[in-house]
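Below is one structure; the comments refer to it alone.
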Amino acid sequence: MEDAYRVVFAGGGSGGHIYPGIAVADALKTEAEKRGLKLEIYWIGNKTGIDKSILEKNLANYGGSITSFYGISCGKLRRYLSFKNFTDLFRIISGYFQSKKILKKIKPMCLFSKGGFVSVTPCRAAKRLKIPYYTHECDFTPGLATKLNSKHASKILLSYEETKKFLPSLKEKCTVTGNPVRPIFWEDNRSNGLDFLKINPDHKKPVLLVIGGSLGANQINTLVTEQLEWLCEHFIVVHQTGKQWALEHPETFEKASENYKPFEFIYEQMPWVLQASDIVLSRAGANSLWECAVCAKPMLLIPLCGSGTRGDQVDNARYLENQGAAISLIGEKADGENLRNSLLSLTDNEKRQELSIACRKLTSGTKSAETIANIILEGIK
């Protein structure tokens, strides 16, 4: 360990915090090797969530960039009254001391926080141990974890220039990097996607990709299944339902046809499938949005909203719509009639081209993972 530069990553709780972090870790390893530096990357995440199962696939002994994963106790930060706020307080305190112990053992040059409630205690422990850290916010509006982490961060890395206005006293620390995605999203694998989906390259109908995250989205799934006959008249529909929907609605998969291709979940082939698509119907999670924007895909967004969310997806959707990169259906507007009308407008090639151009302008061709990796390397020299 003495001969290597050591960096700790912190974050998790959802794939939206983990996958972009993995993209940065992979880019960091690559950029370090270009400079002739030996680098070890460790990850602190939730010991009871999906973090470990996702990150174990990226461990160095499997050809990935992560040296080791450390699980800690985590408590969610809620803005509303709940008995869990009391019980989670003990998990947060425990997570802080666990993080401190891990950081003392590893002695990293710096810590990179990808956000989420999991990242708060490692950042606090890093501050206490005088370990510099960077924090990245993927959403248009900063979440509570980012606000807590930002005060003592060496740099605050943002996906959007306009997000600075939500951190007025910390603007001098802010750097706009975009949102990191895996390198494969920058490659052209459209033909692989069509092969995987068994779609003729000379197909006449636009390919509509429906995604709602790894767990699916009941609201979107319900709309799609209710409007399926109409959708299949106008599109080739590729529908990622999510595992829970697939278990509860097996009849969905009985409707598979040339124009309807349901999947429980698409993982390794998702970049190919996205690139083979002409339109994307999706929630408005930051990671999915940036993957679609990198691939210049016109989007129809139905963001998660209501009492169970802080409204980040609504903010993301409105921002992309204002930039001309998407159409959004928010709240009560997300009904069958508006879905049909919005999708019908996207059957026009010129309209889709307008949205694609706006997507390219949004990302500016910036490979965010590499940008962030170089910022980290400059800080540990």
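Every chain in the structure tokens has a letter given in the order shown (A, B, ...), and although residue numbers restart at 1 in each chain, ligands are simply numbered from 1 in the order shown.
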Spatial neighbours of Cys138 of chain A, max dist 8 Å, only C-alpha atoms, sep filter under 6 positions, as a ChimeraX atom specification: /A:158-159,178-179,286-287
Alpha helix (DSSP H) per DSSP on the backbone: members of segment 147-344 of chain A, as a PyMOL selection string: chain A and resi 147-150+190-197+218-226+228-234+243-248+251-254+270-276+286-294+312-322+336-344
Spatial neighbours of segment 313-318 of chain A, 9 Å, only C-alpha atoms, chain gap at least 4 places, as a list in words: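 Answer for this query is Asp139, Phe140, Thr141, Arg283, Ala284, Gly285, Ala286, Leu289, Leu301, Ile302, Pro303, Leu304, Cys305, Thr309, Asn322, Gln323, Ala326, Ile327, Ser328, Leu329 and Ile330 of chain A.
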I need the residues from that last selection saved to file as a short mmCIF file (atom, residue, chain, number, x, y, z; two decimals), in the first residue's frame (with all heavy atoms), if you can.
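Output saved as selection-v2.cif:
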data_model
loop_
_atom_site.label_atom_id
_atom_site.label_comp_id
_atom_site.auth_asym_id
_atom_site.auth_seq_id
_atom_site.Cartn_x
_atom_site.Cartn_y
_atom_site.Cartn_z
N ASP A 139 -27.88 15.91 -10.02
CA ASP A 139 -29.18 16.52 -10.32
C ASP A 139 -29.06 18.02 -10.57
O ASP A 139 -28.06 18.66 -10.21
CB ASP A 139 -30.15 16.29 -9.16
CG ASP A 139 -30.61 14.85 -9.06
OD1 ASP A 139 -31.10 14.32 -10.08
OD2 ASP A 139 -30.47 14.25 -7.98
N PHE A 140 -30.11 18.58 -11.17
CA PHE A 140 -30.14 20.02 -11.43
C PHE A 140 -30.16 20.81 -10.12
O PHE A 140 -29.49 21.82 -9.98
CB PHE A 140 -31.36 20.37 -12.27
CG PHE A 140 -31.49 21.83 -12.57
CD1 PHE A 140 -30.57 22.48 -13.37
CD2 PHE A 140 -32.52 22.57 -12.01
CE1 PHE A 140 -30.68 23.84 -13.64
CE2 PHE A 140 -32.64 23.93 -12.27
CZ PHE A 140 -31.73 24.56 -13.08
N THR A 141 -30.93 20.32 -9.15
CA THR A 141 -30.96 20.96 -7.82
C THR A 141 -30.21 20.07 -6.83
O THR A 141 -30.42 18.86 -6.81
CB THR A 141 -32.40 21.16 -7.33
OG1 THR A 141 -33.13 19.93 -7.45
CG2 THR A 141 -33.10 22.23 -8.15
N ARG A 283 -38.45 7.96 -16.75
CA ARG A 283 -38.42 8.83 -15.59
C ARG A 283 -37.36 9.91 -15.86
O ARG A 283 -36.79 9.98 -16.96
CB ARG A 283 -38.05 8.03 -14.34
CG ARG A 283 -39.15 7.14 -13.80
CD ARG A 283 -40.36 7.92 -13.36
NE ARG A 283 -41.25 7.15 -12.49
CZ ARG A 283 -42.50 7.48 -12.27
NH1 ARG A 283 -43.01 8.55 -12.86
NH2 ARG A 283 -43.26 6.77 -11.45
N ALA A 284 -37.05 10.71 -14.85
CA ALA A 284 -36.10 11.80 -15.04
C ALA A 284 -34.97 11.75 -14.03
O ALA A 284 -34.53 12.77 -13.51
CB ALA A 284 -36.82 13.15 -14.98
N GLY A 285 -34.49 10.51 -13.74
CA GLY A 285 -33.32 10.36 -12.90
C GLY A 285 -32.10 10.91 -13.62
O GLY A 285 -31.96 10.75 -14.84
N ALA A 286 -31.21 11.54 -12.88
CA ALA A 286 -30.09 12.26 -13.49
C ALA A 286 -29.20 11.39 -14.35
O ALA A 286 -28.77 11.80 -15.44
CB ALA A 286 -29.26 12.92 -12.39
N LEU A 289 -30.91 10.40 -17.68
CA LEU A 289 -31.02 11.57 -18.54
C LEU A 289 -29.71 11.86 -19.26
O LEU A 289 -29.70 12.15 -20.46
CB LEU A 289 -31.43 12.80 -17.72
CG LEU A 289 -32.83 12.83 -17.12
CD1 LEU A 289 -33.09 14.17 -16.46
CD2 LEU A 289 -33.88 12.54 -18.17
N LEU A 301 -40.38 12.65 -20.90
CA LEU A 301 -40.10 12.38 -19.49
C LEU A 301 -41.36 12.43 -18.64
O LEU A 301 -42.17 13.36 -18.76
CB LEU A 301 -39.08 13.39 -18.96
CG LEU A 301 -37.75 13.45 -19.72
CD1 LEU A 301 -36.88 14.58 -19.16
CD2 LEU A 301 -37.02 12.12 -19.65
N ILE A 302 -41.51 11.42 -17.80
CA ILE A 302 -42.57 11.40 -16.79
C ILE A 302 -41.87 11.28 -15.43
O ILE A 302 -41.60 10.18 -14.95
CB ILE A 302 -43.55 10.22 -17.02
CG1 ILE A 302 -44.18 10.33 -18.40
CG2 ILE A 302 -44.62 10.20 -15.93
CD1 ILE A 302 -45.15 9.20 -18.74
N PRO A 303 -41.52 12.42 -14.82
CA PRO A 303 -40.71 12.37 -13.59
C PRO A 303 -41.49 11.86 -12.39
O PRO A 303 -42.71 12.04 -12.30
CB PRO A 303 -40.31 13.84 -13.39
CG PRO A 303 -41.40 14.62 -14.07
CD PRO A 303 -41.82 13.79 -15.26
N LEU A 304 -40.77 11.23 -11.50
CA LEU A 304 -41.34 10.81 -10.22
C LEU A 304 -41.65 12.07 -9.43
O LEU A 304 -40.81 12.95 -9.27
CB LEU A 304 -40.34 9.95 -9.47
CG LEU A 304 -40.78 9.34 -8.14
CD1 LEU A 304 -41.90 8.33 -8.36
CD2 LEU A 304 -39.60 8.68 -7.44
N CYS A 305 -42.88 12.17 -8.92
CA CYS A 305 -43.25 13.36 -8.14
C CYS A 305 -44.22 12.95 -7.04
O CYS A 305 -44.72 11.83 -7.02
CB CYS A 305 -43.84 14.46 -9.02
SG CYS A 305 -45.24 13.96 -10.04
N THR A 309 -40.84 12.10 -2.72
CA THR A 309 -39.62 12.56 -3.37
C THR A 309 -39.38 14.02 -3.09
O THR A 309 -40.33 14.77 -2.82
CB THR A 309 -39.71 12.33 -4.89
OG1 THR A 309 -38.61 12.96 -5.55
CG2 THR A 309 -40.99 12.93 -5.46
N ASN A 322 -36.83 23.02 -20.80
CA ASN A 322 -36.48 24.42 -21.07
C ASN A 322 -35.30 24.55 -22.02
O ASN A 322 -35.18 25.54 -22.74
CB ASN A 322 -36.16 25.15 -19.76
CG ASN A 322 -37.39 25.36 -18.90
OD1 ASN A 322 -38.52 25.36 -19.41
ND2 ASN A 322 -37.20 25.53 -17.61
N GLN A 323 -34.43 23.53 -22.02
CA GLN A 323 -33.27 23.53 -22.92
C GLN A 323 -33.63 22.97 -24.30
O GLN A 323 -32.77 22.93 -25.19
CB GLN A 323 -32.14 22.69 -22.32
CG GLN A 323 -31.60 23.22 -20.99
CD GLN A 323 -31.06 24.63 -21.11
OE1 GLN A 323 -30.22 24.91 -21.96
NE2 GLN A 323 -31.53 25.52 -20.26
N ALA A 326 -36.08 17.82 -24.33
CA ALA A 326 -37.06 16.82 -23.91
C ALA A 326 -38.45 17.43 -23.86
O ALA A 326 -38.61 18.67 -23.85
CB ALA A 326 -36.69 16.25 -22.55
N ILE A 327 -39.44 16.57 -23.83
CA ILE A 327 -40.82 16.94 -23.52
C ILE A 327 -41.15 16.29 -22.19
O ILE A 327 -40.71 15.16 -21.92
CB ILE A 327 -41.79 16.42 -24.61
CG1 ILE A 327 -41.46 17.03 -25.96
CG2 ILE A 327 -43.24 16.70 -24.23
CD1 ILE A 327 -42.23 16.41 -27.12
N SER A 328 -41.87 16.97 -21.34
CA SER A 328 -42.18 16.38 -20.03
C SER A 328 -43.68 16.38 -19.77
O SER A 328 -44.41 17.29 -20.18
CB SER A 328 -41.46 17.13 -18.91
OG SER A 328 -41.92 18.46 -18.80
N LEU A 329 -44.12 15.33 -19.10
CA LEU A 329 -45.50 15.20 -18.62
C LEU A 329 -45.43 15.05 -17.11
O LEU A 329 -44.98 14.01 -16.61
CB LEU A 329 -46.18 13.99 -19.25
CG LEU A 329 -46.33 14.01 -20.78
CD1 LEU A 329 -46.95 12.70 -21.26
CD2 LEU A 329 -47.17 15.19 -21.24
N ILE A 330 -45.84 16.08 -16.39
CA ILE A 330 -45.65 16.11 -14.94
C ILE A 330 -46.99 16.02 -14.23
O ILE A 330 -47.95 16.71 -14.59
CB ILE A 330 -44.91 17.41 -14.53
CG1 ILE A 330 -43.54 17.46 -15.21
CG2 ILE A 330 -44.76 17.48 -13.01
CD1 ILE A 330 -42.81 18.79 -15.02
#
Interatomic distance, atom CA of Val181 of chain A to atom CA of Lys114 of chain A (Å, one decimal):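 Distance between the two atoms: 12.6 Å.
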Distance in Å - atom CA of Ile22 of chain A versus atom CA of Tyr134 of chain A: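 Here the two named atoms are 15.2 Å from each other.
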One-decimal distance in Å that lies between atom CA of Asn338 of chain A and atom CA of Lys255 of chain A: 23.6 Å
